[in-house]
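Below is one structure, written out as structure tokens; comments come after it.
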Amino acid sequence: MGYGVQAERPPTPLAALSQPGLGYPAKALPADKAPGPLPADEDRLVRTDGDLRKLLVAKPKGYQEGEHFFSQDGWVGLEEYARSFEDEGFMYEELLDADFRRAAGASWERGDRSVVVLLVQFRSGVHTGAVGHAEQQRSYMGESDVGAGNEGDPLKGSGNGRYYLYEADNEPGYLPLYRARAIAQRGDVMMEIDVFDSKPISKKDIRSLAERQLERL
């Protein structure tokens with residue numbers, strides 16, 4: 001039916017392939033009418049194409065470089081990162097499926113305290129790898145056998161980040177081991193911070209470090 005109607009109509013020229021006038025208005029919109037920017041978790045153009053290591057939070061005063069597996073040049077390979085998990089084979093495949101792009105890290109030490117900071121970046125596309133990976137890491141933190149055993153506290157300014165304090169690990173013959181962890185995501189980068197010490201770690205210590213890292217992102 002539609003074809004028959006169209007066939008009886010006189011031919012009309014096609015629209016021009018280039019129509020620059022449709023792209024942007026001739027004049028910029030007034031400030032009060034211009035749309036605001038998308039939040040980072042919705043803007044697919046939010047990405048870091050430069051040196052990811054430059055976005056790592058600065059080393060706190062009084063600390064020295066740690067001896068973590070990636071501390072030499074700051075880059076963390078996919079295999080190295082996967083090995084930091086109990087089931088490294090599973091995590092290796094998960095990261096590949098999530099379009100893992102690259103990761104950077106830093107580690108510092110001061111006395112018995114050690115700090116590890118990781119930035120894990122995913123490719124922007126159909127998958128929202130950074131969001132999924134952050135959610136996956138937070139999902140088990142409430143369990144005492146594999147996580148902190150609590151739901152943590154919201155990380156201000158992150159939208160979805162949280163920080164956690166673990167119960168002390170007291171093993172006979174060894175100093176107690178305390179741990180704190182922060183997990184958050186901004187754009188296509190997931191950040192993770194771990195602090196270990198033989199003395200209790202305050203919420204302020206892990207929270208302030210995580211907030212500074214978020215500001216860098």
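Just remember, in the structure tokens the first chain shown is A, the second B, etc., residues are 1-based per chain, and ligands are 1-based in the order shown.
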Could you list, as a CSV table (one decimal) with N, CA and C atoms, in the first residue's frame, every residue within 8 Å of A:Gln64, counting only C-alpha atoms and ignoring same-chain residues fewer than 6 positions away?
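Okay, selection37.csv is ready:
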chain,number,residue,atom,x,y,z
A,108,TRP,N,53.4,2.5,49.4
A,108,TRP,CA,54.3,3.2,50.3
A,108,TRP,C,54.3,2.6,51.6
A,109,GLU,N,55.4,2.9,52.4
A,109,GLU,CA,55.6,2.3,53.7
A,109,GLU,C,56.0,3.3,54.7
A,110,ARG,N,55.6,3.2,55.9
A,110,ARG,CA,56.0,4.0,57.0
A,110,ARG,C,55.9,3.2,58.3
At most 10 Å is the cut-off: for each residue in stretch 142-182 of chain A with any atom that close to an atom of stretch 205-213 of chain A, write down the nearest atom pair and the distance in Å rounded to one decimal, counting only C-alpha atoms, chain first then increasing number, as a tab-separated table.
residue	atom	partner	partner_atom	distance
A:Asp153	CA	A:Arg207	CA	9.1
A:Pro154	CA	A:Arg207	CA	9.4
A:Leu155	CA	A:Arg207	CA	7.0
A:Lys156	CA	A:Glu211	CA	7.3
A:Gly157	CA	A:Glu211	CA	7.7
A:Ser158	CA	A:Glu211	CA	8.4
A:Gly161	CA	A:Ala210	CA	9.3
A:Arg162	CA	A:Arg207	CA	8.9
A:Tyr163	CA	A:Arg207	CA	6.7
A:Tyr164	CA	A:Ile206	CA	8.2
A:Leu165	CA	A:Ile206	CA	8.6
A:Arg179	CA	A:Ile206	CA	9.7
A:Ala180	CA	A:Ile206	CA	6.5
A:Arg181	CA	A:Ile206	CA	7.0
A:Ala182	CA	A:Ala210	CA	6.5
For stretch 122-124 of chain A, please output as a PDB file with all heavy atoms, in the first residue's frame all residues within 7 Å (counting only C-alpha atoms; exclusion window: fewer than 5 positions along the same chain).
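The new file selection25.pdb reads:
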ATOM      1  N   ARG A  44      29.961   8.865  28.320  1.00  0.00           N
ATOM      2  CA  ARG A  44      30.861   7.882  27.726  1.00  0.00           C
ATOM      3  C   ARG A  44      32.150   8.510  27.219  1.00  0.00           C
ATOM      4  O   ARG A  44      33.091   7.808  26.874  1.00  0.00           O
ATOM      5  CB  ARG A  44      30.151   7.161  26.573  1.00  0.00           C
ATOM      6  CG  ARG A  44      28.995   6.275  27.019  1.00  0.00           C
ATOM      7  CD  ARG A  44      29.509   5.149  27.904  1.00  0.00           C
ATOM      8  NE  ARG A  44      28.431   4.306  28.369  1.00  0.00           N
ATOM      9  CZ  ARG A  44      27.976   3.262  27.697  1.00  0.00           C
ATOM     10  NH1 ARG A  44      28.494   2.957  26.529  1.00  0.00           N
ATOM     11  NH2 ARG A  44      27.004   2.522  28.189  1.00  0.00           N
ATOM     12  N   ASP A  99      36.485  -5.749  29.330  1.00  0.00           N
ATOM     13  CA  ASP A  99      37.285  -4.821  28.510  1.00  0.00           C
ATOM     14  C   ASP A  99      38.314  -4.067  29.340  1.00  0.00           C
ATOM     15  O   ASP A  99      38.436  -2.834  29.262  1.00  0.00           O
ATOM     16  CB  ASP A  99      36.391  -3.832  27.754  1.00  0.00           C
ATOM     17  CG  ASP A  99      35.651  -4.489  26.600  1.00  0.00           C
ATOM     18  OD1 ASP A  99      36.153  -5.509  26.097  1.00  0.00           O
ATOM     19  OD2 ASP A  99      34.583  -3.991  26.203  1.00  0.00           O
ATOM     20  N   PHE A 100      39.071  -4.822  30.137  1.00  0.00           N
ATOM     21  CA  PHE A 100      40.188  -4.247  30.878  1.00  0.00           C
ATOM     22  C   PHE A 100      41.119  -3.537  29.900  1.00  0.00           C
ATOM     23  O   PHE A 100      41.474  -4.070  28.852  1.00  0.00           O
ATOM     24  CB  PHE A 100      40.938  -5.350  31.610  1.00  0.00           C
ATOM     25  CG  PHE A 100      42.233  -4.926  32.255  1.00  0.00           C
ATOM     26  CD1 PHE A 100      42.250  -4.506  33.568  1.00  0.00           C
ATOM     27  CD2 PHE A 100      43.428  -4.971  31.543  1.00  0.00           C
ATOM     28  CE1 PHE A 100      43.450  -4.130  34.172  1.00  0.00           C
ATOM     29  CE2 PHE A 100      44.625  -4.599  32.140  1.00  0.00           C
ATOM     30  CZ  PHE A 100      44.633  -4.177  33.454  1.00  0.00           C
ATOM     31  N   ARG A 101      41.510  -2.335  30.242  1.00  0.00           N
ATOM     32  CA  ARG A 101      42.414  -1.570  29.385  1.00  0.00           C
ATOM     33  C   ARG A 101      43.826  -1.513  29.960  1.00  0.00           C
ATOM     34  O   ARG A 101      44.784  -1.879  29.306  1.00  0.00           O
ATOM     35  CB  ARG A 101      41.879  -0.153  29.181  1.00  0.00           C
ATOM     36  CG  ARG A 101      42.782   0.709  28.301  1.00  0.00           C
ATOM     37  CD  ARG A 101      42.230   2.116  28.131  1.00  0.00           C
ATOM     38  NE  ARG A 101      43.139   2.945  27.360  1.00  0.00           N
ATOM     39  CZ  ARG A 101      42.988   4.262  27.178  1.00  0.00           C
ATOM     40  NH1 ARG A 101      41.947   4.881  27.713  1.00  0.00           N
ATOM     41  NH2 ARG A 101      43.866   4.937  26.475  1.00  0.00           N
ATOM     42  N   ARG A 102      43.963  -1.051  31.200  1.00  0.00           N
ATOM     43  CA  ARG A 102      45.265  -0.946  31.830  1.00  0.00           C
ATOM     44  C   ARG A 102      45.073  -0.633  33.308  1.00  0.00           C
ATOM     45  O   ARG A 102      43.960  -0.305  33.743  1.00  0.00           O
ATOM     46  CB  ARG A 102      46.106   0.148  31.174  1.00  0.00           C
ATOM     47  CG  ARG A 102      45.431   1.512  31.183  1.00  0.00           C
ATOM     48  CD  ARG A 102      46.233   2.555  30.447  1.00  0.00           C
ATOM     49  NE  ARG A 102      45.541   3.839  30.469  1.00  0.00           N
ATOM     50  CZ  ARG A 102      46.092   4.984  30.089  1.00  0.00           C
ATOM     51  NH1 ARG A 102      47.336   5.005  29.649  1.00  0.00           N
ATOM     52  NH2 ARG A 102      45.407   6.116  30.139  1.00  0.00           N
ATOM     53  N   GLY A 129      32.700  -1.466  32.385  1.00  0.00           N
ATOM     54  CA  GLY A 129      33.590  -2.324  33.157  1.00  0.00           C
ATOM     55  C   GLY A 129      33.956  -1.783  34.516  1.00  0.00           C
ATOM     56  O   GLY A 129      33.991  -2.527  35.500  1.00  0.00           O
ATOM     57  N   ALA A 130      34.233  -0.486  34.618  1.00  0.00           N
ATOM     58  CA  ALA A 130      34.640   0.083  35.900  1.00  0.00           C
ATOM     59  C   ALA A 130      33.510  -0.007  36.921  1.00  0.00           C
ATOM     60  O   ALA A 130      33.745  -0.316  38.091  1.00  0.00           O
ATOM     61  CB  ALA A 130      35.077   1.537  35.711  1.00  0.00           C
ATOM     62  N   ASP A 188      35.597   5.794  33.666  1.00  0.00           N
ATOM     63  CA  ASP A 188      36.027   4.454  33.270  1.00  0.00           C
ATOM     64  C   ASP A 188      37.154   3.921  34.138  1.00  0.00           C
ATOM     65  O   ASP A 188      37.829   2.968  33.772  1.00  0.00           O
ATOM     66  CB  ASP A 188      36.447   4.436  31.791  1.00  0.00           C
ATOM     67  CG  ASP A 188      37.497   5.503  31.475  1.00  0.00           C
ATOM     68  OD1 ASP A 188      38.038   6.101  32.423  1.00  0.00           O
ATOM     69  OD2 ASP A 188      37.757   5.738  30.287  1.00  0.00           O
ATOM     70  N   VAL A 189      37.356   4.514  35.315  1.00  0.00           N
ATOM     71  CA  VAL A 189      38.424   4.093  36.216  1.00  0.00           C
ATOM     72  C   VAL A 189      37.844   3.642  37.551  1.00  0.00           C
ATOM     73  O   VAL A 189      37.035   4.341  38.162  1.00  0.00           O
ATOM     74  CB  VAL A 189      39.435   5.233  36.457  1.00  0.00           C
ATOM     75  CG1 VAL A 189      40.501   4.802  37.458  1.00  0.00           C
ATOM     76  CG2 VAL A 189      40.083   5.653  35.143  1.00  0.00           C
TER      77      VAL A 189
END
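Atom CA of A:His68 sits 26.6 Å away from atom CA of A:Gly142.
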Please identify all polymer residues within 10 Å of A:Leu177, counting only C-alpha atoms, omitting same-chain residues fewer than 5 positions from it, and present them as a CSV table (one decimal) with N, CA and C atoms, in the first residue's frame.
chain,number,residue,atom,x,y,z
A,112,ASP,N,55.4,0.1,60.4
A,112,ASP,CA,54.6,-1.1,60.1
A,112,ASP,C,53.5,-0.9,59.2
A,113,ARG,N,53.2,0.4,58.8
A,113,ARG,CA,52.1,0.7,57.9
A,113,ARG,C,52.5,0.6,56.5
A,166,TYR,N,38.6,-3.6,58.7
A,166,TYR,CA,38.5,-5.0,59.0
A,166,TYR,C,38.7,-5.2,60.5
A,167,GLU,N,38.2,-6.4,60.9
A,167,GLU,CA,38.6,-6.8,62.3
A,167,GLU,C,40.1,-7.2,62.3
A,168,ALA,N,40.7,-7.1,63.4
A,168,ALA,CA,42.2,-7.4,63.5
A,168,ALA,C,42.3,-8.9,63.3
A,169,ASP,N,43.4,-9.3,62.6
A,169,ASP,CA,43.8,-10.7,62.4
A,169,ASP,C,44.8,-11.0,63.4
A,170,ASN,N,44.5,-11.7,64.5
A,170,ASN,CA,45.4,-12.1,65.5
A,170,ASN,C,45.8,-13.5,65.4
A,171,GLU,N,47.0,-13.7,65.0
A,171,GLU,CA,47.6,-15.1,64.8
A,171,GLU,C,48.7,-15.2,65.9
A,196,PHE,N,47.5,-1.4,55.5
A,196,PHE,CA,47.8,-2.5,56.4
A,196,PHE,C,48.6,-1.9,57.6
A,197,ASP,N,48.4,-2.4,58.8
A,197,ASP,CA,49.2,-1.9,59.9
A,197,ASP,C,49.1,-2.9,61.1
A,198,SER,N,50.1,-2.8,62.0
A,198,SER,CA,50.1,-3.7,63.2
A,198,SER,C,49.3,-3.0,64.3
A,199,LYS,N,48.9,-1.7,64.0
A,199,LYS,CA,48.1,-0.9,65.0
A,199,LYS,C,46.8,-0.6,64.3
A,200,PRO,N,45.8,-0.2,65.1
A,200,PRO,CA,44.5,0.1,64.5
A,200,PRO,C,44.6,1.3,63.6
Please list as a CSV table (one decimal) with N, CA and C atoms, in the first residue's frame every residue within 6 Å of A:Glu192, counting only C-alpha atoms and excluding residues in the same chain fewer than 5 positions away.
chain,number,residue,atom,x,y,z
A,117,VAL,N,47.8,1.6,46.4
A,117,VAL,CA,46.7,2.3,45.7
A,117,VAL,C,46.7,1.7,44.2
A,118,LEU,N,45.5,1.4,43.7
A,118,LEU,CA,45.4,0.9,42.4
A,118,LEU,C,44.3,1.6,41.6
A,182,ALA,N,39.3,0.9,50.6
A,182,ALA,CA,38.3,1.8,50.0
A,182,ALA,C,38.1,1.4,48.5
A,183,ILE,N,36.9,1.4,48.0
A,183,ILE,CA,36.6,1.1,46.7
A,183,ILE,C,35.6,2.1,46.1
**Q.** Shortest interatomic distance to A:Gln137 - which of A:Arg186, A:Glu80, A:Leu175, A:Met91, counting only C-alpha atoms
**A.** A:Met91
Q) Among stretch 95-180 of chain A, which residues carry a DSSP assignment of strand (DSSP E), reported as a ChimeraX atom specification? A) /A:100-110,113-122,153-154,162-165,178-180
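For the choices A:Ala82, A:Gly77, A:Leu119, A:Met141, the atom-to-atom distance to A:Arg216 is smallest for A:Leu119 when using only C-alpha atoms.
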Q.
Between atom CA of A:Gln121 and atom CA of A:Ala103, what is the distance in Å, rounded to a tenth?
A. 5.8 Å
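With only C-alpha atoms as the atoms that count, the minimum distance from A:Asn160 to the choices A:Val57, A:Val146, A:Ala134, A:Ile201 is reached by A:Ala134.
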